[in-house]
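*Asks:* Input structure: input.cif, which contains mmCIF, C-alpha atoms.
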data_final
loop_
_atom_site.label_atom_id
_atom_site.label_comp_id
_atom_site.auth_asym_id
_atom_site.auth_seq_id
_atom_site.Cartn_x
_atom_site.Cartn_y
_atom_site.Cartn_z
CA MET A 1 0.00 0.00 0.00
CA SER A 2 1.30 3.50 -0.89
CA ARG A 3 2.34 5.81 1.90
CA LYS A 4 -0.23 8.58 2.37
CA VAL A 5 1.05 12.14 2.74
CA LEU A 6 -1.17 15.11 3.62
CA CYS A 7 0.57 18.27 2.37
CA ILE A 8 0.03 21.83 3.60
CA TYR A 9 0.29 24.33 0.73
CA GLY A 10 -1.44 27.67 1.24
CA ASN A 11 0.92 29.93 -0.68
CA SER A 12 -0.58 32.36 -3.18
CA LEU A 13 2.77 33.56 -4.56
CA TYR A 14 5.11 31.53 -6.77
CA PHE A 15 8.77 32.20 -6.06
CA GLY A 16 11.64 29.82 -5.34
CA HIS A 17 10.13 28.48 -2.12
CA GLU A 18 6.84 27.59 -3.78
CA ARG A 19 8.47 26.18 -6.92
CA SER A 20 10.63 23.88 -4.81
CA ASN A 21 7.71 22.52 -2.81
CA VAL A 22 5.71 21.83 -5.96
CA GLN A 23 8.77 20.01 -7.34
CA VAL A 24 8.75 17.81 -4.21
CA PHE A 25 5.04 17.06 -4.71
CA LYS A 26 5.64 16.00 -8.31
CA THR A 27 8.59 13.84 -7.28
CA LEU A 28 6.60 12.06 -4.59
CA LYS A 29 3.75 11.53 -7.03
CA ASP A 30 6.17 9.97 -9.53
CA LEU A 31 7.35 7.66 -6.73
CA ASN A 32 3.74 6.50 -6.32
CA PHE A 33 3.08 8.12 -2.97
CA ASP A 34 -0.58 8.79 -2.22
CA LEU A 35 -0.72 12.60 -1.93
CA LEU A 36 -3.40 15.05 -0.94
CA ILE A 37 -2.42 18.72 -1.15
CA LEU A 38 -4.49 21.10 0.97
CA THR A 39 -4.41 24.23 -1.18
CA ASN A 40 -5.67 27.70 -0.36
CA LYS A 41 -9.39 28.21 -0.97
CA PHE A 42 -8.61 31.86 -1.72
CA GLY A 43 -6.29 30.95 -4.59
CA ILE A 44 -2.80 29.68 -5.40
CA ALA A 45 -0.48 30.60 -8.26
CA PRO A 46 -1.74 29.39 -11.67
CA GLU A 47 1.65 27.77 -12.35
CA ALA A 48 1.39 25.61 -9.23
CA GLU A 49 -2.21 24.70 -10.03
CA THR A 50 -1.29 23.71 -13.59
CA ILE A 51 1.58 21.45 -12.50
CA MET A 52 -0.63 19.66 -9.98
CA GLU A 53 -3.40 19.19 -12.54
CA ASN A 54 -1.01 17.98 -15.26
CA ASN A 55 0.49 15.41 -12.88
CA CYS A 56 -2.85 14.22 -11.48
CA ILE A 57 -1.94 15.32 -7.96
CA SER A 58 -5.03 15.32 -5.74
CA THR A 59 -5.90 18.63 -4.10
CA LYS A 60 -8.50 19.90 -1.67
CA LYS A 61 -9.24 23.57 -1.10
CA ILE A 62 -9.53 24.80 2.47
CA PRO A 63 -9.43 28.34 3.94
CA TYR A 64 -6.04 29.60 5.15
CA PRO A 65 -5.22 32.64 7.30
CA SER A 66 -3.24 35.33 5.50
CA TRP A 67 0.16 36.65 6.50
CA ASP A 68 -1.31 40.12 5.92
CA ASP A 69 -3.42 39.52 9.03
CA MET A 70 -0.19 39.54 11.06
CA ARG A 71 1.28 42.71 9.61
CA LYS A 72 1.44 46.00 11.50
CA PRO A 73 -0.42 47.99 12.61
CA HIS A 74 -1.88 45.47 15.06
CA THR A 75 -5.39 46.24 16.30
CA ILE A 76 -7.79 44.31 18.53
CA LEU A 77 -10.25 43.89 15.65
CA LYS A 78 -7.52 42.67 13.31
CA SER A 79 -6.28 40.17 15.91
CA ILE A 80 -9.79 38.83 16.48
CA LYS A 81 -10.28 38.36 12.73
CA TYR A 82 -6.96 36.53 12.48
CA LEU A 83 -7.75 34.20 15.40
CA TYR A 84 -11.15 33.45 13.88
CA LYS A 85 -9.47 32.52 10.58
CA VAL A 86 -7.04 30.27 12.46
CA PHE A 87 -9.97 28.58 14.19
CA ILE A 88 -11.77 27.92 10.88
CA HIS A 89 -8.50 26.76 9.28
CA ASN A 90 -7.96 24.19 12.04
CA ILE A 91 -11.51 22.88 11.76
CA HIS A 92 -11.07 22.23 8.03
CA PHE A 93 -7.61 20.74 8.50
CA THR A 94 -8.75 18.39 11.27
CA LYS A 95 -11.69 17.28 9.15
CA GLU A 96 -9.36 16.35 6.27
CA LEU A 97 -6.89 14.73 8.66
CA HIS A 98 -9.55 12.37 10.03
CA ARG A 99 -11.05 11.70 6.61
CA TYR A 100 -7.76 11.04 4.76
CA LYS A 101 -5.92 9.23 7.60
CA PRO A 102 -2.38 10.00 6.36
CA ASP A 103 0.85 8.32 7.42
CA PHE A 104 2.64 11.68 7.29
CA ILE A 105 1.92 15.41 7.31
CA TYR A 106 4.17 17.54 5.05
CA ILE A 107 4.65 21.20 5.91
CA ALA A 108 7.17 23.83 4.81
CA SER A 109 6.39 27.12 6.55
CA ASP A 110 6.75 28.61 10.04
CA PHE A 111 3.57 30.62 9.63
CA MET A 112 1.51 27.62 8.55
CA PHE A 113 2.94 25.50 11.36
CA PHE A 114 2.05 28.13 13.99
CA ASN A 115 -1.48 28.33 12.60
CA LEU A 116 -1.94 24.57 12.95
CA ILE A 117 -0.49 24.10 16.44
CA PRO A 118 -4.02 23.63 17.90
CA SER A 119 -4.51 20.64 15.58
CA PHE A 120 -0.97 19.30 15.95
CA LEU A 121 -1.40 19.14 19.73
CA PHE A 122 -3.99 16.40 19.24
CA THR A 123 -2.41 14.23 16.55
CA ASN A 124 0.34 11.63 16.55
CA VAL A 125 0.70 11.60 12.77
CA LYS A 126 4.38 12.02 11.89
CA ILE A 127 5.23 15.54 10.67
CA VAL A 128 7.87 16.04 7.98
CA TYR A 129 8.99 19.67 7.83
CA ARG A 130 10.86 20.80 4.71
CA LEU A 131 12.87 23.72 6.01
CA GLY A 132 13.60 26.08 3.13
CA ASP A 133 14.42 29.13 5.26
CA ALA A 134 16.03 29.74 8.63
CA PRO A 135 13.54 29.34 11.51
CA VAL A 136 11.88 32.63 12.46
CA THR A 137 13.10 33.25 16.00
CA GLY A 138 13.41 37.04 16.10
CA TRP A 139 10.14 37.43 18.02
CA LEU A 140 10.26 35.91 21.53
CA PRO A 141 7.03 33.84 21.25
CA PHE A 142 8.32 32.32 17.99
CA LYS A 143 11.71 31.62 19.58
CA ILE A 144 10.06 29.82 22.49
CA ALA A 145 7.72 27.91 20.16
CA TRP A 146 10.65 26.66 18.12
CA LYS A 147 12.76 25.65 21.12
CA LYS A 148 10.04 24.11 23.28
CA TYR A 149 7.58 22.70 20.76
CA ILE A 150 8.31 22.67 17.02
CA SER A 151 11.84 21.25 17.29
CA LYS A 152 10.47 18.38 19.41
CA LYS A 153 7.13 17.79 17.69
CA VAL A 154 8.49 17.34 14.17
CA TYR A 155 9.38 13.75 13.26
CA LYS A 156 11.85 14.67 10.54
CA PHE A 157 13.30 17.94 9.25
CA VAL A 158 14.48 18.11 5.64
CA CYS A 159 16.86 21.08 5.36
CA ILE A 160 17.72 22.44 1.93
CA SER A 161 21.33 23.18 2.93
CA LYS A 162 23.84 22.60 5.70
CA TYR A 163 23.52 26.30 6.49
CA ILE A 164 19.80 25.83 7.20
CA GLU A 165 20.55 22.71 9.26
CA LYS A 166 22.90 24.82 11.39
CA LYS A 167 20.15 27.41 11.89
CA LEU A 168 17.76 24.63 12.88
CA VAL A 169 20.16 23.47 15.60
CA GLU A 170 20.48 27.06 16.84
CA ALA A 171 16.66 27.19 17.08
CA GLY A 172 16.62 24.20 19.43
CA ARG A 173 16.64 20.98 17.39
CA GLU A 174 19.36 18.52 18.33
CA LEU A 175 21.44 17.06 15.53
CA GLN A 176 19.75 13.76 14.74
CA SER A 177 20.24 11.04 12.18
CA ASN A 178 16.54 11.52 11.50
CA ASN A 179 17.20 14.94 9.96
CA ALA A 180 18.17 15.15 6.30
CA VAL A 181 19.84 17.68 4.01
CA ILE A 182 18.47 17.54 0.47
CA TYR A 183 19.59 20.21 -1.97
CA ASN A 184 16.89 21.51 -4.29
CA TYR A 185 16.59 20.18 -7.80
CA PRO A 186 15.79 22.84 -10.44
CA PRO A 187 12.02 23.32 -10.22
CA ILE A 188 9.63 23.01 -13.13
CA ARG A 189 9.35 26.05 -15.39
CA PHE A 190 7.02 26.67 -18.30
CA ASN A 191 9.35 27.49 -21.19
CA THR A 192 6.82 29.39 -23.27
CA LYS A 193 7.98 31.92 -25.82
CA ASP A 194 8.98 35.33 -24.45
CA THR A 195 7.55 37.56 -27.17
CA HIS A 196 8.82 40.73 -25.46
CA VAL A 197 12.46 39.55 -25.35
CA SER A 198 14.93 39.79 -28.22
CA TYR A 199 18.40 38.34 -27.59
CA THR A 200 21.44 39.42 -29.60
CA LYS A 201 24.46 37.41 -28.52
CA GLY A 202 27.11 38.70 -30.89
CA ASP A 203 30.74 38.62 -29.72
CA PHE A 204 29.93 39.75 -26.19
CA VAL A 205 30.77 37.97 -22.98
CA THR A 206 27.36 37.95 -21.32
CA PHE A 207 26.81 38.04 -17.57
CA SER A 208 23.22 37.46 -16.47
CA TYR A 209 20.96 37.70 -13.46
CA ILE A 210 17.58 36.04 -12.98
CA GLY A 211 15.37 36.40 -9.92
CA GLN A 212 13.54 38.95 -7.83
CA ILE A 213 14.67 42.53 -8.37
CA ASN A 214 14.90 44.04 -4.92
CA HIS A 215 17.48 45.36 -2.48
CA GLY A 216 18.01 42.07 -0.63
CA LYS A 217 18.99 40.36 -3.88
CA GLY A 218 21.79 42.90 -4.37
CA VAL A 219 20.81 43.91 -7.90
CA HIS A 220 21.97 47.50 -7.23
CA ILE A 221 25.47 46.15 -6.57
CA LEU A 222 25.33 44.26 -9.86
CA ILE A 223 24.28 47.39 -11.77
CA GLU A 224 27.13 49.44 -10.27
CA ALA A 225 29.66 46.74 -11.18
CA ALA A 226 28.12 46.32 -14.64
CA ILE A 227 28.41 50.03 -15.42
CA GLU A 228 32.03 49.99 -14.32
CA ALA A 229 32.80 46.91 -16.44
CA CYS A 230 31.14 48.39 -19.54
CA LYS A 231 33.33 51.49 -19.26
CA ILE A 232 36.49 49.35 -19.24
CA PHE A 233 35.60 46.46 -21.57
CA ASP A 234 33.93 46.80 -24.97
CA ASN A 235 33.00 43.12 -25.24
CA VAL A 236 30.76 42.73 -22.19
CA LYS A 237 26.99 42.69 -21.85
CA PHE A 238 24.57 42.16 -18.95
CA LEU A 239 21.06 40.66 -18.96
CA ILE A 240 18.76 41.30 -15.98
CA ALA A 241 15.68 39.04 -15.84
CA GLY A 242 12.94 39.46 -13.26
CA SER A 243 9.73 41.34 -12.62
CA LEU A 244 10.14 45.11 -12.75
CA GLN A 245 6.86 45.52 -10.85
CA TYR A 246 7.77 43.59 -7.67
CA ASP A 247 9.58 46.63 -6.21
CA LYS A 248 8.84 49.21 -8.89
CA SER A 249 10.58 52.21 -7.33
CA TYR A 250 13.75 50.14 -6.86
CA SER A 251 13.62 48.81 -10.43
CA ASP A 252 12.90 52.26 -11.88
CA ALA A 253 15.91 53.73 -10.07
CA LEU A 254 18.20 51.04 -11.51
CA ILE A 255 16.83 51.51 -15.04
CA GLU A 256 17.35 55.28 -14.76
CA LYS A 257 20.92 54.77 -13.55
CA VAL A 258 21.69 52.64 -16.61
CA LYS A 259 20.04 55.19 -18.93
CA SER A 260 22.07 58.00 -17.38
CA ALA A 261 25.23 56.04 -18.12
CA ASP A 262 24.03 55.60 -21.74
CA LEU A 263 24.38 51.82 -21.44
CA SER A 264 20.81 50.62 -22.03
CA ASN A 265 21.96 48.60 -25.06
CA ARG A 266 24.53 46.69 -22.99
CA ILE A 267 22.79 46.41 -19.61
CA VAL A 268 19.39 45.08 -20.61
CA PHE A 269 16.38 44.68 -18.32
CA LEU A 270 14.33 41.81 -19.75
CA GLY A 271 11.45 41.90 -17.28
CA THR A 272 9.75 38.62 -16.40
CA ILE A 273 10.83 35.73 -18.62
CA ASN A 274 9.41 32.24 -18.99
CA ASN A 275 11.90 30.59 -21.33
CA THR A 276 15.00 29.85 -19.27
CA ASP A 277 16.40 27.66 -22.06
CA ASN A 278 16.82 30.74 -24.27
CA PHE A 279 18.05 32.81 -21.33
CA PHE A 280 20.84 30.42 -20.39
CA SER A 281 21.78 29.84 -24.03
CA GLN A 282 22.70 33.55 -24.11
CA THR A 283 24.49 33.49 -20.74
CA ASP A 284 28.21 32.89 -20.23
CA VAL A 285 28.32 33.53 -16.47
CA LEU A 286 25.44 33.85 -14.00
CA ILE A 287 25.63 36.44 -11.22
CA THR A 288 23.67 35.90 -7.98
CA PRO A 289 24.69 38.82 -5.73
CA SER A 290 22.34 38.34 -2.75
CA ILE A 291 23.34 40.42 0.25
CA LYS A 292 20.88 38.65 2.53
CA GLN A 293 21.66 35.18 3.85
CA GLU A 294 20.21 32.95 1.13
CA PRO A 295 19.21 29.47 2.33
CA LEU A 296 20.53 27.96 -0.91
CA GLY A 297 19.70 29.35 -4.36
CA ASN A 298 17.69 27.26 -6.84
CA VAL A 299 19.08 29.20 -9.76
CA LEU A 300 22.64 28.00 -9.03
CA VAL A 301 21.63 24.38 -9.62
CA GLU A 302 19.65 25.46 -12.68
CA ALA A 303 22.73 27.24 -14.04
CA LYS A 304 24.82 24.09 -13.54
CA SER A 305 22.32 22.10 -15.59
CA PHE A 306 23.03 24.56 -18.44
CA SER A 307 26.84 24.32 -17.96
CA THR A 308 27.01 27.86 -16.61
CA PRO A 309 29.44 28.99 -13.87
CA SER A 310 28.13 31.36 -11.19
CA ILE A 311 29.47 34.39 -9.37
CA ILE A 312 28.14 34.53 -5.81
CA PHE A 313 28.71 36.27 -2.51
CA ALA A 314 29.55 34.17 0.56
CA SER A 315 25.88 34.25 1.56
CA GLY A 316 24.10 31.56 3.57
CA GLY A 317 24.05 28.18 1.87
CA MET A 318 25.15 29.30 -1.60
CA PRO A 319 28.89 28.55 -1.09
CA GLU A 320 27.92 24.90 -0.56
CA LEU A 321 27.17 24.73 -4.29
CA VAL A 322 30.05 26.72 -5.78
CA ARG A 323 33.77 25.93 -5.68
CA HIS A 324 35.86 29.08 -6.03
CA LYS A 325 37.57 29.28 -9.44
CA VAL A 326 36.54 25.68 -10.16
CA ASP A 327 32.90 26.04 -11.22
CA GLY A 328 32.30 29.64 -10.20
CA TYR A 329 33.65 32.57 -8.26
CA ILE A 330 32.98 33.53 -4.62
CA CYS A 331 33.67 37.21 -3.97
CA GLU A 332 33.23 39.92 -1.37
CA SER A 333 29.67 41.22 -1.08
CA ASN A 334 30.31 44.71 -2.45
CA VAL A 335 30.85 46.47 -5.78
CA GLU A 336 34.61 46.06 -5.59
CA GLY A 337 34.37 42.33 -4.97
CA LEU A 338 31.86 41.76 -7.76
CA SER A 339 33.89 43.90 -10.16
CA SER A 340 36.96 41.77 -9.45
CA ALA A 341 35.02 38.62 -10.29
CA ILE A 342 33.67 40.08 -13.55
CA HIS A 343 37.12 41.35 -14.53
CA PHE A 344 38.58 37.89 -13.84
CA TYR A 345 36.34 36.23 -16.43
CA LEU A 346 36.81 39.02 -18.96
CA SER A 347 40.59 38.88 -18.56
CA TYR A 348 40.72 35.07 -18.72
CA PRO A 349 37.88 33.96 -21.04
CA GLU A 350 39.34 30.44 -21.18
CA GLU A 351 38.23 30.12 -17.54
CA ILE A 352 34.61 30.37 -18.67
CA VAL A 353 35.10 27.35 -20.93
CA ARG A 354 36.84 25.32 -18.22
CA GLN A 355 34.43 26.23 -15.45
CA SER A 356 31.39 25.61 -17.66
CA LYS A 357 32.44 21.96 -17.97
CA ASN A 358 33.07 21.76 -14.23
CA ALA A 359 29.69 23.33 -13.45
CA LYS A 360 27.90 20.58 -15.35
CA SER A 361 29.91 17.75 -13.79
CA SER A 362 29.53 19.22 -10.29
CA ILE A 363 25.86 18.18 -10.36
CA PHE A 364 27.06 14.61 -9.93
CA ASP A 365 29.91 15.50 -7.55
CA LEU A 366 27.45 17.25 -5.21
CA LYS A 367 24.86 14.48 -5.65
CA ILE A 368 22.20 16.92 -6.81
CA ALA A 369 21.23 15.07 -9.97
CA PHE A 370 17.54 14.23 -10.22
CA GLU A 371 18.17 10.57 -9.38
CA ASP A 372 19.78 11.62 -6.08
CA PHE A 373 16.99 14.10 -5.34
CA GLU A 374 14.31 11.51 -6.04
CA SER A 375 16.01 8.76 -4.02
CA LYS A 376 16.57 10.98 -0.99
CA TRP A 377 12.98 12.20 -0.91
CA GLY A 378 11.71 8.67 -1.26
CA ASN A 379 13.72 7.70 1.82
CA VAL A 380 12.29 10.57 3.90
CA PHE A 381 8.90 8.90 4.29
CA GLN A 382 10.08 5.59 5.73
#
Would you give me this structure, written as structure tokens?

*Replies:*
Amino acid sequence: MSRKVLCIYGNSLYFGHERSNVQVFKTLKDLNFDLLILTNKFGIAPEAETIMENNCISTKKIPYPSWDDMRKPHTILKSIKYLYKVFIHNIHFTKELHRYKPDFIYIASDFMFFNLIPSFLFTNVKIVYRLGDAPVTGWLPFKIAWKKYISKKVYKFVCISKYIEKKLVEAGRELQSNNAVIYNYPPIRFNTKDTHVSYTKGDFVTFSYIGQINHGKGVHILIEAAIEACKIFDNVKFLIAGSLQYDKSYSDALIEKVKSADLSNRIVFLGTINNTDNFFSQTDVLITPSIKQEPLGNVLVEAKSFSTPSIIFASGGMPELVRHKVDGYICESNVEGLSSAIHFYLSYPEEIVRQSKNAKSSIFDLKIAFEDFESKWGNVFQ
């Protein structure tokens, strides 16, 4: 009989965290697990919905509280509304728990775990927690909850990097053989045609970025370094892919800076793209300049699958995936450091060829090929 897994998935957005969880669902489905995904009655991302439908993954819509209910300013009325939503959420969850009778509960969010504590107090079903971000312990009640309850209640934590595993231990979980570290496999993307994008490769060395365009991702540092590089080297180009609406004022400021430098033809903002095959075919080196502590970085594994070396900062779990001057470059998290990395590849273009081969082979060295990913996730629910 197939193992039954009841999965909590209430996310309405669709960024790296959500993509990775949907990839896990598909993998478990392919391994013939019996899955039921409790999705958000108020809507989930169309991409996630499509993948679940295409792979015949069973779903059930239930109401979820919203993170917006927890945002400041806090008022008595707002708090009452939030607690009411939590109450309703637990009623629906408990109903599905008793009806479905799973062997495991899968969850991947602090917020969703906190919301379901009333139900978790009264169940002995084993909880598997995929930890894709460091535990939220900045607020005292959350810190206590992690140390005294969550770290002890969860049957098995699956951390997406050794960095996250370290943060889990700091939050109160003892190192146990029951924990696992499973690096993300590149999530499913819909490679539809990007009608608004026109690539012109030419004889340029092309450095690219793909992801959210906001301050925490360090895109402003990339733009500063890109402008400097374009002034020194004639054969360099930069592609910036990501929504320009996510943080519009930030994006507009970067676009204006590039225009002022008269470099709009060499530092190109692509906006949101869907076809990563085309994007990586135009990319010589990927740049991921996050200044916040990234738990891992899905795009680094994706770049490796396209034989593309990556420039990164020593941020969070990312250095676990990149070997300095072997299949990428790890630099200081400032303009000077990033400029040095860019100049290195422009001065020694043969390094791009060598490191591209190493980037591809490192998938097997790091055991992050799909076969490894699938096998490890299959072993989690034993």

*Asks:* Could you work out an axis-aligned box for segment 34-40 of chain A, taking every atom the file lists and adding 3 Å on each side, and report centre and edge lengths in Å to one decimal, as JSON?

*Replies:*
{"center_x": -3.1, "center_y": 18.2, "center_z": -0.6, "size_x": 11.1, "size_y": 24.9, "size_z": 9.2}

*Asks:* Could you write out as a PyMOL selection string the residues that the PyMOL selection byres ((chain A and resi 299-301) around 10) matches in the shown file?

*Replies:* chain A and resi 16+183-187+209-211+286-288+296-298+302-312+318+321-322+328+359-360+362-363+368-369

*Asks:* When you count all atoms listed in the file, which of these residues is closest to Val22 of chain A: A:Leu77, A:Val136, A:Leu38, A:Ile188?

*Replies:*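 Looking only at the distances to Val22 of chain A, the closest residue turns out to be A:Ile188.
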
*Asks:* So, with only C-alpha atoms as the atoms that count, which of A:Met112, A:Met70, A:Leu28, A:Ala341 lies closest to Tyr9 of chain A?

*Replies:*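 Checking each candidate against Tyr9 of chain A, we get A:Met112 as the closest.
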
*Asks:* For each of A:Thr206, A:Tyr106, A:Cys230, A:Asn274, take the minimum atom-to-atom distance to Glu47 of chain A, counting all atoms listed in the file, then give the residue where this is smallest.

*Replies:*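 Answer, going by the shortest atom-to-atom distance: A:Asn274.
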
*Asks:* Which distance in Å separates atom CA of Val128 of chain A and atom CA of Asp68 of chain A, to one decimal?

*Replies:*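 Computing the Euclidean distance for atom CA of Val128 of chain A and atom CA of Asp68 of chain A yields 25.9 Å.
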
*Asks:* What does the structure give for the distance between atom CA of Asn265 of chain A and atom CA of Ile291 of chain A, in Å to one decimal?

*Replies:* 26.6 Å

*Asks:* Quick one: pull the distance between atom CA of Phe238 of chain A and atom CA of Arg266 of chain A, Å, one decimal.

*Replies:*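 Distance between the two atoms: 6.1 Å.
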
*Asks:* Which neighbours of segment 147-164 of chain A fall inside 8 Å, counting all atoms listed in the file, when residues of the same chain fewer than 3 positions from it are skipped, and could you give them as an MDAnalysis selection string?

*Replies:* chainID A and resid 126:134 143:144 167:168 171:173 178:184 295:296 316:317 320 380

*Asks:* Here's the selection I'm unsure about, the PyMOL selection byres ((chain A and resi 41) around 7); applied to the file above, which residues does it give, as an NGL selection string?

*Replies:* :A and (39-40 or 42-43 or 61-63)

*Asks:* Care to translate the PyMOL selection byres ((chain A and resi 347-349) around 12) into actual residues of this file, as a PyMOL selection string?

*Replies:* chain A and resi 204-206+229+232-233+235-236+284-285+325+339-346+350-356

*Asks:* Return the single residue from A:Thr27, A:Ser66, A:Ser58, A:Asn90 that is closest to Leu13 of chain A, with distances computed using all atoms listed in the file.

*Replies:*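 Comparing A:Thr27, A:Ser66, A:Ser58, A:Asn90 against Leu13 of chain A, the winner is A:Ser66.
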
*Asks:* Taking all atoms listed in the file into account, name the residue in A:Asn358, A:Pro135, A:Ile227, A:Leu222 that is nearest to Val169 of chain A.

*Replies:* A:Pro135

*Asks:* Nearest residue to Phe279 of chain A out of A:Gly242, A:Glu18, A:Glu371, A:Ala225, using only C-alpha atoms?

*Replies:* A:Gly242
